[in-house]
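Pasted below: input30.cif, mmCIF, C-alpha atoms.
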```
data_target
loop_
_atom_site.group_PDB
_atom_site.id
_atom_site.type_symbol
_atom_site.label_atom_id
_atom_site.label_comp_id
_atom_site.auth_asym_id
_atom_site.auth_seq_id
_atom_site.Cartn_x
_atom_site.Cartn_y
_atom_site.Cartn_z
ATOM 1 C CA MET A 185 -74.381 35.554 -30.029
ATOM 2 C CA ALA A 186 -72.070 38.555 -29.791
ATOM 3 C CA GLY A 187 -70.426 40.249 -32.761
ATOM 4 C CA MET A 188 -70.543 39.134 -36.385
ATOM 5 C CA ALA A 189 -71.792 35.574 -36.485
ATOM 6 C CA THR A 190 -71.960 33.247 -39.486
ATOM 7 C CA HIS A 191 -75.171 31.294 -39.993
ATOM 8 C CA VAL A 192 -75.765 28.440 -42.423
ATOM 9 C CA ILE A 193 -79.488 28.377 -43.233
ATOM 10 C CA THR A 194 -81.624 25.904 -45.185
ATOM 11 C CA GLY A 195 -85.096 26.927 -46.320
ATOM 12 C CA ALA A 196 -84.287 30.655 -46.606
ATOM 13 C CA GLY A 197 -86.437 30.962 -49.739
ATOM 14 C CA SER A 198 -89.814 31.228 -48.016
ATOM 15 C CA GLY A 199 -91.807 31.096 -44.812
ATOM 16 C CA ILE A 200 -89.948 30.780 -41.520
ATOM 17 C CA GLY A 201 -86.541 30.438 -43.191
ATOM 18 C CA ALA A 202 -86.985 33.703 -45.103
ATOM 19 C CA ALA A 203 -88.109 35.508 -41.931
ATOM 20 C CA VAL A 204 -85.043 34.261 -40.026
ATOM 21 C CA ALA A 205 -82.679 35.126 -42.893
ATOM 22 C CA ARG A 206 -84.113 38.645 -43.213
ATOM 23 C CA ARG A 207 -83.689 39.343 -39.498
ATOM 24 C CA LEU A 208 -80.110 38.037 -39.317
ATOM 25 C CA HIS A 209 -79.163 39.857 -42.532
ATOM 26 C CA ALA A 210 -80.662 43.124 -41.259
ATOM 27 C CA ARG A 211 -78.506 43.046 -38.153
ATOM 28 C CA GLY A 212 -75.331 42.518 -40.172
ATOM 29 C CA ASP A 213 -74.594 38.847 -39.545
ATOM 30 C CA ASP A 214 -72.935 36.716 -42.240
ATOM 31 C CA LEU A 215 -75.301 34.383 -44.069
ATOM 32 C CA VAL A 216 -74.514 31.194 -45.948
ATOM 33 C CA LEU A 217 -77.762 30.241 -47.654
ATOM 34 C CA HIS A 218 -78.411 26.734 -48.890
ATOM 35 C CA ALA A 219 -80.125 26.407 -52.264
ATOM 36 C CA ARG A 220 -81.201 23.310 -54.136
ATOM 37 C CA ASP A 221 -79.844 24.521 -57.488
ATOM 38 C CA ALA A 222 -77.767 27.302 -59.063
ATOM 39 C CA GLY A 223 -80.811 29.284 -60.207
ATOM 40 C CA ARG A 224 -82.232 29.378 -56.699
ATOM 41 C CA ALA A 225 -78.801 30.318 -55.317
ATOM 42 C CA LYS A 226 -78.669 33.286 -57.681
ATOM 43 C CA GLU A 227 -82.093 34.489 -56.490
ATOM 44 C CA LEU A 228 -81.083 34.205 -52.831
ATOM 45 C CA ALA A 229 -77.791 36.030 -53.426
ATOM 46 C CA ALA A 230 -79.691 38.884 -55.084
ATOM 47 C CA GLU A 231 -82.176 39.047 -52.209
ATOM 48 C CA TYR A 232 -79.493 39.120 -49.506
ATOM 49 C CA PRO A 233 -76.541 41.255 -50.691
ATOM 50 C CA GLY A 234 -73.274 39.967 -49.265
ATOM 51 C CA ALA A 235 -74.651 36.524 -48.459
ATOM 52 C CA ARG A 236 -72.862 33.424 -49.710
ATOM 53 C CA THR A 237 -74.691 30.405 -51.108
ATOM 54 C CA LEU A 238 -74.168 26.654 -51.042
ATOM 55 C CA VAL A 239 -75.888 24.439 -53.598
ATOM 56 C CA GLY A 240 -77.025 20.883 -52.899
ATOM 57 C CA ASP A 241 -80.264 18.936 -53.223
ATOM 58 C CA LEU A 242 -81.641 17.944 -49.797
ATOM 59 C CA ALA A 243 -83.717 15.299 -51.558
ATOM 60 C CA GLU A 244 -80.422 13.522 -52.356
ATOM 61 C CA PRO A 245 -78.534 13.521 -49.044
ATOM 62 C CA ASP A 246 -76.039 10.927 -50.331
ATOM 63 C CA ARG A 247 -74.695 13.570 -52.734
ATOM 64 C CA LEU A 248 -74.398 16.486 -50.287
ATOM 65 C CA SER A 249 -70.848 15.674 -49.221
ATOM 66 C CA TRP A 250 -69.721 15.561 -52.863
ATOM 67 C CA ALA A 251 -71.614 18.786 -53.685
ATOM 68 C CA LEU A 252 -70.107 20.712 -50.775
ATOM 69 C CA SER A 253 -66.594 19.448 -51.498
ATOM 70 C CA HIS A 254 -66.791 21.179 -54.910
ATOM 71 C CA GLN A 255 -67.725 24.524 -53.347
ATOM 72 C CA SER A 256 -66.262 26.683 -50.571
ATOM 73 C CA PRO A 257 -68.072 25.959 -47.309
ATOM 74 C CA PRO A 258 -67.476 28.607 -44.614
ATOM 75 C CA ASP A 259 -64.488 28.190 -42.300
ATOM 76 C CA ARG A 260 -66.557 29.491 -39.402
ATOM 77 C CA VAL A 261 -70.087 28.368 -38.510
ATOM 78 C CA ASP A 262 -71.727 29.902 -35.435
ATOM 79 C CA SER A 263 -75.103 28.406 -36.180
ATOM 80 C CA LEU A 264 -76.603 25.803 -38.481
ATOM 81 C CA LEU A 265 -80.315 26.435 -38.935
ATOM 82 C CA HIS A 266 -82.313 23.549 -40.392
ATOM 83 C CA ILE A 267 -85.518 25.201 -41.617
ATOM 84 C CA ALA A 268 -86.198 23.593 -45.017
ATOM 85 C CA GLY A 269 -88.913 20.966 -45.114
ATOM 86 C CA VAL A 270 -91.421 19.218 -47.365
ATOM 87 C CA VAL A 271 -94.838 17.774 -46.618
ATOM 88 C CA ASP A 272 -96.947 15.295 -48.547
ATOM 89 C CA LEU A 273 -100.091 14.140 -46.782
ATOM 90 C CA GLY A 274 -101.668 10.757 -47.350
ATOM 91 C CA ARG A 275 -103.095 7.737 -45.610
ATOM 92 C CA VAL A 276 -100.737 4.877 -44.717
ATOM 93 C CA GLY A 277 -102.768 2.705 -47.086
ATOM 94 C CA GLU A 278 -101.955 5.025 -49.976
ATOM 95 C CA LEU A 279 -98.491 6.555 -49.400
ATOM 96 C CA THR A 280 -95.813 5.078 -51.660
ATOM 97 C CA PRO A 281 -92.145 4.490 -50.790
ATOM 98 C CA LYS A 282 -91.318 7.438 -53.087
ATOM 99 C CA SER A 283 -93.304 9.780 -50.850
ATOM 100 C CA TRP A 284 -91.767 8.288 -47.690
ATOM 101 C CA HIS A 285 -88.225 8.554 -49.073
ATOM 102 C CA HIS A 286 -88.695 12.148 -50.229
ATOM 103 C CA GLN A 287 -89.944 13.373 -46.843
ATOM 104 C CA LEU A 288 -87.407 11.368 -44.830
ATOM 105 C CA ASN A 289 -84.548 12.525 -47.077
ATOM 106 C CA VAL A 290 -85.367 16.246 -46.969
ATOM 107 C CA ASN A 291 -86.701 16.482 -43.409
ATOM 108 C CA LEU A 292 -84.380 14.088 -41.564
ATOM 109 C CA ILE A 293 -81.460 12.520 -43.419
ATOM 110 C CA ALA A 294 -80.268 15.743 -45.103
ATOM 111 C CA PRO A 295 -80.230 17.644 -41.768
ATOM 112 C CA ALA A 296 -78.256 14.758 -40.219
ATOM 113 C CA GLU A 297 -75.753 14.838 -43.083
ATOM 114 C CA LEU A 298 -75.369 18.633 -43.109
ATOM 115 C CA THR A 299 -74.838 18.538 -39.351
ATOM 116 C CA ARG A 300 -72.133 15.892 -39.780
ATOM 117 C CA LEU A 301 -70.407 17.946 -42.475
ATOM 118 C CA PHE A 302 -70.431 21.180 -40.421
ATOM 119 C CA LEU A 303 -69.684 19.703 -36.985
ATOM 120 C CA PRO A 304 -65.951 20.546 -37.060
ATOM 121 C CA GLN A 305 -66.760 24.252 -37.621
ATOM 122 C CA LEU A 306 -69.573 24.170 -35.043
ATOM 123 C CA ARG A 307 -67.292 22.635 -32.421
ATOM 124 C CA ALA A 308 -64.559 25.182 -33.120
ATOM 125 C CA ALA A 309 -67.028 28.085 -32.738
ATOM 126 C CA ARG A 310 -68.910 26.460 -29.830
ATOM 127 C CA GLY A 311 -71.852 27.016 -32.112
ATOM 128 C CA HIS A 312 -75.543 26.242 -32.187
ATOM 129 C CA VAL A 313 -77.669 23.820 -34.204
ATOM 130 C CA VAL A 314 -81.347 24.741 -34.499
ATOM 131 C CA PHE A 315 -83.850 22.265 -35.885
ATOM 132 C CA VAL A 316 -87.149 23.852 -36.876
ATOM 133 C CA ASN A 317 -89.325 20.839 -36.242
ATOM 134 C CA SER A 318 -93.142 20.841 -36.145
ATOM 135 C CA GLY A 319 -96.039 20.071 -33.870
ATOM 136 C CA ALA A 320 -96.086 16.853 -35.936
ATOM 137 C CA GLY A 321 -92.731 15.998 -34.351
ATOM 138 C CA LEU A 322 -94.565 15.529 -31.052
ATOM 139 C CA ASN A 323 -97.957 14.172 -32.171
ATOM 140 C CA ALA A 324 -98.955 12.288 -35.314
ATOM 141 C CA HIS A 325 -102.444 12.520 -36.753
ATOM 142 C CA ALA A 326 -104.333 10.757 -39.547
ATOM 143 C CA GLU A 327 -102.801 11.327 -42.988
ATOM 144 C CA TRP A 328 -99.614 12.819 -41.486
ATOM 145 C CA SER A 329 -97.674 9.554 -40.947
ATOM 146 C CA ALA A 330 -94.679 10.103 -43.262
ATOM 147 C CA TYR A 331 -94.202 13.780 -42.402
ATOM 148 C CA ALA A 332 -94.680 13.146 -38.676
ATOM 149 C CA ALA A 333 -92.290 10.179 -38.802
ATOM 150 C CA SER A 334 -89.627 12.405 -40.381
ATOM 151 C CA LYS A 335 -90.193 15.054 -37.694
ATOM 152 C CA HIS A 336 -90.276 12.535 -34.819
ATOM 153 C CA GLY A 337 -86.947 11.346 -36.228
ATOM 154 C CA LEU A 338 -85.672 14.929 -36.278
ATOM 155 C CA LYS A 339 -86.455 15.211 -32.560
ATOM 156 C CA ALA A 340 -84.432 12.043 -31.924
ATOM 157 C CA LEU A 341 -81.555 13.419 -34.018
ATOM 158 C CA ALA A 342 -81.542 16.669 -32.012
ATOM 159 C CA ASP A 343 -81.767 14.893 -28.634
ATOM 160 C CA SER A 344 -78.878 12.542 -29.445
ATOM 161 C CA LEU A 345 -76.762 15.337 -30.927
ATOM 162 C CA ARG A 346 -77.328 17.486 -27.830
ATOM 163 C CA GLU A 347 -75.978 14.767 -25.524
ATOM 164 C CA GLU A 348 -73.079 13.912 -27.834
ATOM 165 C CA GLU A 349 -71.889 17.489 -28.360
ATOM 166 C CA HIS A 350 -72.649 19.087 -24.982
ATOM 167 C CA ALA A 351 -69.057 18.642 -23.795
ATOM 168 C CA ASN A 352 -67.870 20.355 -27.011
ATOM 169 C CA GLY A 353 -69.951 23.431 -26.194
ATOM 170 C CA VAL A 354 -72.354 22.940 -29.108
ATOM 171 C CA ARG A 355 -75.908 23.981 -28.246
ATOM 172 C CA VAL A 356 -78.857 22.153 -29.819
ATOM 173 C CA THR A 357 -82.418 23.478 -29.965
ATOM 174 C CA SER A 358 -85.612 22.018 -31.402
ATOM 175 C CA VAL A 359 -88.375 24.499 -32.225
ATOM 176 C CA TYR A 360 -91.876 23.039 -32.648
ATOM 177 C CA PRO A 361 -94.106 25.570 -34.428
ATOM 178 C CA GLY A 362 -97.803 24.929 -34.840
ATOM 179 C CA ARG A 363 -99.389 25.827 -38.143
ATOM 180 C CA THR A 364 -97.567 28.805 -39.627
ATOM 181 C CA ALA A 365 -98.744 31.068 -42.469
ATOM 182 C CA SER A 366 -96.407 29.975 -45.290
ATOM 183 C CA PRO A 367 -96.435 28.449 -48.785
ATOM 184 C CA MET A 368 -96.139 25.016 -47.122
ATOM 185 C CA GLN A 369 -99.306 25.708 -45.124
ATOM 186 C CA ALA A 370 -101.135 26.759 -48.267
ATOM 187 C CA LYS A 371 -100.147 23.420 -49.830
ATOM 188 C CA VAL A 372 -101.305 21.493 -46.744
ATOM 189 C CA HIS A 373 -104.722 23.183 -46.879
ATOM 190 C CA GLN A 374 -104.973 22.353 -50.564
ATOM 191 C CA GLN A 375 -104.205 18.689 -49.790
ATOM 192 C CA GLU A 376 -106.751 18.743 -46.967
ATOM 193 C CA GLY A 377 -109.350 20.341 -49.247
ATOM 194 C CA LYS A 378 -109.730 23.275 -46.849
ATOM 195 C CA GLN A 379 -109.913 27.032 -47.401
ATOM 196 C CA TYR A 380 -106.580 28.680 -46.475
ATOM 197 C CA ASP A 381 -106.788 31.753 -44.243
ATOM 198 C CA PRO A 382 -103.262 32.890 -43.279
ATOM 199 C CA SER A 383 -104.602 35.195 -40.544
ATOM 200 C CA ARG A 384 -105.601 32.125 -38.497
ATOM 201 C CA TRP A 385 -102.051 30.850 -38.207
ATOM 202 C CA ILE A 386 -98.724 31.936 -36.725
ATOM 203 C CA ASP A 387 -96.859 34.672 -38.588
ATOM 204 C CA PRO A 388 -93.424 33.355 -39.675
ATOM 205 C CA GLU A 389 -91.951 36.480 -38.027
ATOM 206 C CA SER A 390 -93.091 35.194 -34.632
ATOM 207 C CA VAL A 391 -91.272 31.890 -35.161
ATOM 208 C CA ALA A 392 -88.217 33.863 -36.344
ATOM 209 C CA THR A 393 -88.341 35.852 -33.088
ATOM 210 C CA THR A 394 -88.276 32.558 -31.175
ATOM 211 C CA VAL A 395 -85.297 31.257 -33.183
ATOM 212 C CA LEU A 396 -83.330 34.481 -32.623
ATOM 213 C CA MET A 397 -84.116 34.370 -28.905
ATOM 214 C CA CYS A 398 -82.583 30.868 -28.748
ATOM 215 C CA LEU A 399 -79.503 31.984 -30.727
ATOM 216 C CA ASP A 400 -78.977 35.108 -28.633
ATOM 217 C CA LEU A 401 -79.261 33.438 -25.244
ATOM 218 C CA PRO A 402 -75.970 33.865 -23.310
ATOM 219 C CA GLY A 403 -73.585 30.896 -23.482
ATOM 220 C CA ASP A 404 -74.349 29.729 -19.938
ATOM 221 C CA ALA A 405 -77.727 28.355 -21.062
ATOM 222 C CA GLU A 406 -79.450 26.639 -23.933
ATOM 223 C CA VAL A 407 -83.076 26.227 -24.915
ATOM 224 C CA ASN A 408 -83.535 22.526 -25.594
ATOM 225 C CA ASP A 409 -87.130 22.476 -26.809
ATOM 226 C CA VAL A 410 -89.619 25.260 -27.443
ATOM 227 C CA THR A 411 -93.186 24.886 -28.720
ATOM 228 C CA VAL A 412 -94.842 27.817 -30.499
ATOM 229 C CA ARG A 413 -98.611 27.605 -30.980
ATOM 230 C CA PRO A 414 -101.098 29.868 -32.761
ATOM 231 C CA GLY A 415 -102.115 32.581 -30.299
ATOM 232 C CA ARG A 416 -105.400 33.433 -31.993
#
```

Before anything else, please render the file you have as structure tokens.
Amino acid sequence: MAGMATHVITGAGSGIGAAVARRLHARGDDLVLHARDAGRAKELAAEYPGARTLVGDLAEPDRLSWALSHQSPPDRVDSLLHIAGVVDLGRVGELTPKSWHHQLNVNLIAPAELTRLFLPQLRAARGHVVFVNSGAGLNAHAEWSAYAASKHGLKALADSLREEEHANGVRVTSVYPGRTASPMQAKVHQQEGKQYDPSRWIDPESVATTVLMCLDLPGDAEVNDVTVRPGR
């Protein structure tokens, strides 16, 4: 992606999203960072001088259009990076609709809605949509049903979007990281009742390197799907 590009990023507050935001900010690209509330937006703006913020709760995708219409979304969007996500483990026999709705809203419906809202800018820039998915988007295991369903859905969203927008020059990539050392992973281990050792898992910086590689690929090619597994 040559020159100064503008990236809209969800999940920039921690983990993979923070690693991606840091790298893009360091090289002088323009960042538009999504935050769930004004307090979080203020923190992100302080962390990334010059970055703009957009506030909207991904847990309430029905309200995103209204929220964005009361702010100033960027005129140019070279990439839309869906990195935010939530996980809540539980057996099918125990998960409530509330837990299903929360994970589907944040992990699937909000990315679909944000993509819809930014498609005009993405088409104009012949931009790139990157979905940071999960190994759970390819295989579902016991106690991961709701999260995996949201991520399987995210794969379907990306695959359909890629076919629909190919003629408009919009590139679409799904990245499937294995377990990554992040606050989300710490929470998963807590839910699993396991000891958390970050050194066993992928460094978020390595996933960020993969995302930047996809973004920086010349326009004659696109990475459709890339799986990143722990190398240790």

Apply the PyMOL selection byres ((chain A and resi 250-258) around 8) to the structure shown and report the selected residues as a PyMOL selection string.
chain A and resi 216+238-240+247-249+259-261

Looking at all atoms listed in the file, which of A:Ala405, A:Ala330, A:Ala229, A:Val276 is the one that sits closest to Arg355 of chain A?
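That would be A:Ala405, the residue with the smallest distance to Arg355 of chain A.
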
For the structure provided, state which residues fall under the PyMOL selection byres ((chain A and resi 213) around 7), and present them as a PyMOL selection string.
chain A and resi 188-190+208-209+211-212+214-215

Mind telling me what the PyMOL selection byres ((chain A and resi 293-301) around 9) catches here, as a PyMOL selection string?
chain A and resi 241-246+248-249+252+264+266+288-292+302-306+313+315+334+338+341

For Leu265 of chain A, list every protein, DNA or RNA residue within 8 Å, evaluated using only C-alpha atoms, and leave out those in the same chain fewer than 3 positions away; present the list as a list in words.
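Within the cut-off, the hits are His191, Val192, Ile193, Thr194, Val313, Val314, Phe315 and Val316 of chain A.
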
Go through A:Gly377, A:Gly321, A:Gly311, A:Gly223 and flag the residue nearest Cys398 of chain A, using only C-alpha atoms for the distances.
A:Gly311

Using only C-alpha atoms for the distances, tell me which of A:Lys282, A:His312, A:His325, A:Lys339 is nearest to Val395 of chain A.
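Checking each candidate against Val395 of chain A, we get A:His312 as the closest.
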
What is the atom CA of Val359 of chain A-atom CA of Thr280 of chain A distance in Å, reported with one decimal?
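Atom CA of Thr280 of chain A lies 28.5 Å from atom CA of Val359 of chain A.
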
Extending 8 Å beyond the listed atoms of segment 397-400 of chain A on each side, what axis-aligned box results? I want centre and edge lengths in Å to one decimal, as lines of an AutoDock Vina configuration file.
```
center_x = -81.5
center_y = 33.0
center_z = -29.7
size_x = 21.1
size_y = 20.2
size_z = 18.1
```

Looking at all atoms listed in the file, which of A:Glu278, A:Asp272, A:Glu327, A:Asp262 is the one that sits closest to Gly353 of chain A?
A:Asp262

Between A:Leu345, A:Ala351, A:Val271, A:Val204, smallest distance to Glu376 of chain A by all atoms listed in the file belongs to A:Val271

Dig up all the protein and nucleic acid residues within 7 Å of (-80.0, 18.2, -30.2) in the file frame, using all atoms listed in the file, and format them as an NGL selection string.
:A and (341-346 or 356-358)

Please save C-alpha atoms of the selected residues as a JSON list (two decimals), keeping the file's coordinate frame.
```
[["chain", "number", "residue", "atom", "x", "y", "z"],
["A", 341, "LEU", "CA", -81.56, 13.42, -34.02],
["A", 342, "ALA", "CA", -81.54, 16.67, -32.01],
["A", 343, "ASP", "CA", -81.77, 14.89, -28.63],
["A", 344, "SER", "CA", -78.88, 12.54, -29.44],
["A", 345, "LEU", "CA", -76.76, 15.34, -30.93],
["A", 346, "ARG", "CA", -77.33, 17.49, -27.83],
["A", 356, "VAL", "CA", -78.86, 22.15, -29.82],
["A", 357, "THR", "CA", -82.42, 23.48, -29.96],
["A", 358, "SER", "CA", -85.61, 22.02, -31.40]]
```

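You can rank A:Thr394, A:Arg224, A:Ala309, A:Gly269 by their closest distance to Val410 of chain A using only C-alpha atoms, and at the top of that list sits A:Thr394.
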
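Picture a line from atom CA of Gly195 of chain A to atom CA of Ala225 of chain A; it runs 11.5 Å.
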